[in-house]
Amino acid sequence: MIIRKSPVEIEQMEHAGRVVVETLELIGEHVRPGVTTEELDELAEEFIRAQGGVPTFKGYRGYPASICTSPNSMVVHGIPGPYALKDGDILSVDVGVTLGGFVGDSAYTFAVGEISDEAQRLLDICQAALAAAIEQARVGRHLSDIGHAVQKVTEEAGFSVVRSLVGHGVGRSMHEDPQIPNFGEPGRGPILQTGMTLAIEPMITAGDPDVYLHEDEWSISTEDGSLAAHFEHTVAVMADGPRILTRRLETSLLR
């Protein structure tokens, strides 16, 4: 069942989304060689709680940290720890914040120092895929139009879509219906309606789409060791078009 939100509820989700954005901004200021992912997690949790929010991920099905930090070939769900960032790394950071009973959810893949041209192109294409997908989050479109947009942008650039991981509805819970694959034929699935709130999140790789689950039963990496990128926004379907509830400020460090 897809839960549609009232205008007041969407406003509350945007408040949570603002804390998510500010958390990612703060993390971005500290992403540099030598910093550990555990240090980034501690920084994020302290900030989120200082804003009156709760780190949504912490304790979710036993997840032990406040954010997900996934370097290089790790696609998603990396557990922060002693890994120290290196020049040339890319680091996907996923942040969820619960505030006022509603969840904001967003992810950003950061460049650490100077990265390769191919890594930069991967990040650029993943962001372009996210933008194309958000453009489809309009009243009267079909759910599959979102995933089709991701697939088209990604594969035309020569990259791959991870098919075993999906976006999702979001609201009072972090994971609500519907699931949102990042591939598929257009014009299929539920028709989008005003008040639907969706976590749209392309997860793409520079190599093959196949992934594996680490022994920690959370971290997921590419099987071929190729780089992976992950960008995500929480988006509301509104009468006048998609509304990004985790929008970056024009002055944002997140590009």
# chains A, B, ... in the order shown; residues from 1 in each chain; ligands from 1
$ residues_around --residues "region 112-123 of chain A" --least-positions-apart "4" --cutoff "12 Å" --atoms "only C-alpha atoms" --output "PyMOL selection string"
chain A and resi 27-36+71-73+84-92+108+127-130+153-155+157-161+202-207+226-231+254-255
$ residues_around --residues "Met196 (chain A)" --least-positions-apart "2" --cutoff "12 Å" --atoms "only C-alpha atoms" --output "VMD selection string"
chain A and resid 1 to 7 9 to 10 13 137 to 140 143 168 to 171 176 to 178 190 to 194 198 to 200 234 to 239 241 to 243
$ residues_around --residues "Ser70 (chain A)" --least-positions-apart "2" --cutoff "9 Å" --atoms "only C-alpha atoms" --output "ChimeraX atom specification"
/A:37,68,72-80,90-94,109,219-221,228
$ write_last_selection --atoms "C-alpha atoms" --output "PDB file, in the first residue's frame"
ATOM      1  CA  THR A  37      34.756   6.541   8.367  1.00  0.00           C
ATOM      2  CA  CYS A  68      26.442   4.271   5.891  1.00  0.00           C
ATOM      3  CA  ASN A  72      35.187   2.659  -3.881  1.00  0.00           C
ATOM      4  CA  SER A  73      33.761  -0.719  -4.985  1.00  0.00           C
ATOM      5  CA  MET A  74      31.330  -0.839  -2.056  1.00  0.00           C
ATOM      6  CA  VAL A  75      27.888   0.123  -3.318  1.00  0.00           C
ATOM      7  CA  VAL A  76      25.849   0.629  -0.131  1.00  0.00           C
ATOM      8  CA  HIS A  77      25.432  -0.165   3.571  1.00  0.00           C
ATOM      9  CA  GLY A  78      29.098   0.100   4.511  1.00  0.00           C
ATOM     10  CA  ILE A  79      29.541   0.144   8.304  1.00  0.00           C
ATOM     11  CA  PRO A  80      31.788   2.996   9.506  1.00  0.00           C
ATOM     12  CA  ILE A  90      35.319   7.873  -3.717  1.00  0.00           C
ATOM     13  CA  LEU A  91      33.022   7.523  -0.699  1.00  0.00           C
ATOM     14  CA  SER A  92      29.266   7.028  -0.801  1.00  0.00           C
ATOM     15  CA  VAL A  93      27.575   8.359   2.337  1.00  0.00           C
ATOM     16  CA  ASP A  94      23.919   7.595   3.077  1.00  0.00           C
ATOM     17  CA  THR A 109      29.202  10.096  -3.286  1.00  0.00           C
ATOM     18  CA  SER A 219      28.029  -4.100   3.266  1.00  0.00           C
ATOM     19  CA  ILE A 220      27.419  -4.755  -0.432  1.00  0.00           C
ATOM     20  CA  SER A 221      30.199  -4.482  -3.046  1.00  0.00           C
ATOM     21  CA  ALA A 228      30.303   2.197  -7.577  1.00  0.00           C
TER      22      ALA A 228
END
$ select_by_dssp --residues "region 37-122 of chain A" --states "helix (DSSP H, G or I)" --output "ChimeraX atom specification"
/A:37-50,60-62,117-122
$ select_by_dssp --residues "region 180-238 of chain A" --states "strand (DSSP E)" --output "list in words"
Ile180, Thr197, Leu198, Ala199, Ile200, Met203, Ile204, Thr205, Val211, Tyr212, Leu213, Ile220, Ser221, Thr222, Ala228, Ala229, His230, His233, Thr234, Val235, Ala236, Val237 and Met238 of chain A
$ closest_residue --among "A:Ala44, A:Thr246, A:Asp124, A:Tyr63" --to "Asp216 (chain A)" --atoms "only C-alpha atoms"
A:Tyr63
$ residues_around --residues "Ala16 (chain A)" --least-positions-apart "5" --cutoff "9 Å" --atoms "only C-alpha atoms" --output "list in words"
Glu11, Val21, Gly53, Gly96, Val97, Thr98, Leu99, Gly100, Phe102, Val103, Gly104, Asp105, Leu245 and Thr246 of chain A
$ write_last_selection --atoms "all heavy atoms" --output "mmCIF file, in the first residue's frame"
data_model
loop_
_atom_site.group_PDB
_atom_site.id
_atom_site.type_symbol
_atom_site.label_atom_id
_atom_site.label_comp_id
_atom_site.auth_asym_id
_atom_site.auth_seq_id
_atom_site.Cartn_x
_atom_site.Cartn_y
_atom_site.Cartn_z
ATOM 1 N N GLU A 11 5.654 18.914 4.610
ATOM 2 C CA GLU A 11 6.456 19.982 5.225
ATOM 3 C C GLU A 11 7.337 19.411 6.340
ATOM 4 O O GLU A 11 8.510 19.783 6.471
ATOM 5 C CB GLU A 11 5.541 21.074 5.792
ATOM 6 C CG GLU A 11 4.868 21.931 4.739
ATOM 7 C CD GLU A 11 5.834 22.899 4.072
ATOM 8 O OE1 GLU A 11 6.927 23.124 4.622
ATOM 9 O OE2 GLU A 11 5.493 23.410 2.995
ATOM 10 N N VAL A 21 20.480 17.145 4.761
ATOM 11 C CA VAL A 21 21.367 17.928 3.891
ATOM 12 C C VAL A 21 22.488 18.570 4.692
ATOM 13 O O VAL A 21 23.666 18.549 4.280
ATOM 14 C CB VAL A 21 20.556 19.001 3.134
ATOM 15 C CG1 VAL A 21 21.487 19.963 2.394
ATOM 16 C CG2 VAL A 21 19.586 18.356 2.158
ATOM 17 N N GLY A 53 17.053 15.641 16.018
ATOM 18 C CA GLY A 53 16.713 14.474 15.227
ATOM 19 C C GLY A 53 17.299 13.204 15.803
ATOM 20 O O GLY A 53 18.047 13.208 16.775
ATOM 21 N N GLY A 96 20.127 9.056 7.018
ATOM 22 C CA GLY A 96 18.697 9.106 7.311
ATOM 23 C C GLY A 96 18.477 9.801 8.639
ATOM 24 O O GLY A 96 19.198 9.552 9.603
ATOM 25 N N VAL A 97 17.475 10.685 8.683
ATOM 26 C CA VAL A 97 17.159 11.417 9.911
ATOM 27 C C VAL A 97 15.654 11.325 10.168
ATOM 28 O O VAL A 97 14.847 11.568 9.261
ATOM 29 C CB VAL A 97 17.573 12.894 9.810
ATOM 30 C CG1 VAL A 97 17.036 13.686 11.005
ATOM 31 C CG2 VAL A 97 19.089 13.025 9.720
ATOM 32 N N THR A 98 15.298 10.977 11.394
ATOM 33 C CA THR A 98 13.905 11.009 11.821
ATOM 34 C C THR A 98 13.707 12.241 12.694
ATOM 35 O O THR A 98 14.428 12.445 13.673
ATOM 36 C CB THR A 98 13.538 9.745 12.609
ATOM 37 O OG1 THR A 98 13.802 8.594 11.802
ATOM 38 C CG2 THR A 98 12.057 9.767 12.980
ATOM 39 N N LEU A 99 12.738 13.066 12.303
ATOM 40 C CA LEU A 99 12.453 14.307 13.023
ATOM 41 C C LEU A 99 10.945 14.542 12.991
ATOM 42 O O LEU A 99 10.343 14.527 11.915
ATOM 43 C CB LEU A 99 13.188 15.475 12.360
ATOM 44 C CG LEU A 99 13.058 16.848 13.032
ATOM 45 C CD1 LEU A 99 13.789 16.861 14.368
ATOM 46 C CD2 LEU A 99 13.620 17.941 12.120
ATOM 47 N N GLY A 100 10.342 14.737 14.142
ATOM 48 C CA GLY A 100 8.905 14.962 14.180
ATOM 49 C C GLY A 100 8.095 13.798 13.663
ATOM 50 O O GLY A 100 6.978 13.977 13.169
ATOM 51 N N PHE A 102 8.857 11.833 11.117
ATOM 52 C CA PHE A 102 9.022 11.568 9.689
ATOM 53 C C PHE A 102 10.496 11.463 9.332
ATOM 54 O O PHE A 102 11.364 12.019 10.013
ATOM 55 C CB PHE A 102 8.347 12.652 8.848
ATOM 56 C CG PHE A 102 6.851 12.576 8.868
ATOM 57 C CD1 PHE A 102 6.120 13.281 9.818
ATOM 58 C CD2 PHE A 102 6.168 11.776 7.967
ATOM 59 C CE1 PHE A 102 4.737 13.200 9.855
ATOM 60 C CE2 PHE A 102 4.789 11.679 7.998
ATOM 61 C CZ PHE A 102 4.063 12.398 8.941
ATOM 62 N N VAL A 103 10.748 10.760 8.228
ATOM 63 C CA VAL A 103 12.115 10.439 7.823
ATOM 64 C C VAL A 103 12.516 11.226 6.580
ATOM 65 O O VAL A 103 11.740 11.364 5.627
ATOM 66 C CB VAL A 103 12.244 8.927 7.518
ATOM 67 C CG1 VAL A 103 13.631 8.587 6.985
ATOM 68 C CG2 VAL A 103 11.939 8.105 8.765
ATOM 69 N N GLY A 104 13.752 11.740 6.606
ATOM 70 C CA GLY A 104 14.413 12.249 5.406
ATOM 71 C C GLY A 104 15.572 11.334 5.086
ATOM 72 O O GLY A 104 16.254 10.838 5.996
ATOM 73 N N ASP A 105 15.833 11.088 3.802
ATOM 74 C CA ASP A 105 16.831 10.099 3.398
ATOM 75 C C ASP A 105 17.539 10.604 2.149
ATOM 76 O O ASP A 105 16.889 10.972 1.164
ATOM 77 C CB ASP A 105 16.117 8.766 3.119
ATOM 78 C CG ASP A 105 17.066 7.601 2.920
ATOM 79 O OD1 ASP A 105 18.279 7.765 3.105
ATOM 80 O OD2 ASP A 105 16.570 6.508 2.565
ATOM 81 N N LEU A 245 12.761 17.036 -1.277
ATOM 82 C CA LEU A 245 12.702 17.351 0.151
ATOM 83 C C LEU A 245 14.085 17.334 0.793
ATOM 84 O O LEU A 245 14.222 17.704 1.964
ATOM 85 C CB LEU A 245 11.773 16.373 0.864
ATOM 86 C CG LEU A 245 10.343 16.290 0.292
ATOM 87 C CD1 LEU A 245 9.503 15.323 1.114
ATOM 88 C CD2 LEU A 245 9.689 17.662 0.229
ATOM 89 N N THR A 246 15.078 16.904 0.050
ATOM 90 C CA THR A 246 16.472 16.920 0.517
ATOM 91 C C THR A 246 17.314 17.753 -0.454
ATOM 92 O O THR A 246 18.454 17.407 -0.766
ATOM 93 C CB THR A 246 17.030 15.492 0.633
ATOM 94 O OG1 THR A 246 16.730 14.761 -0.572
ATOM 95 C CG2 THR A 246 16.420 14.761 1.823
#
$ closest_residue --among "A:Thr197, A:Glu42, A:Glu223, A:Glu135" --to "Lys58 (chain A)" --atoms "only C-alpha atoms"
A:Glu42
$ closest_residue --among "A:Gln51, A:His214, A:Glu38, A:Tyr83" --to "His15 (chain A)" --atoms "only C-alpha atoms"
A:Gln51
$ atom_distance --atom1 "CA of Gly52 (chain A)" --atom2 "CA of Glu25 (chain A)"
17.3 Å
$ residues_around --residues "Val150 (chain A)" --least-positions-apart "2" --cutoff "6 Å" --atoms "only C-alpha atoms" --output "ChimeraX atom specification"
/A:129,133,147-148,152-153,182
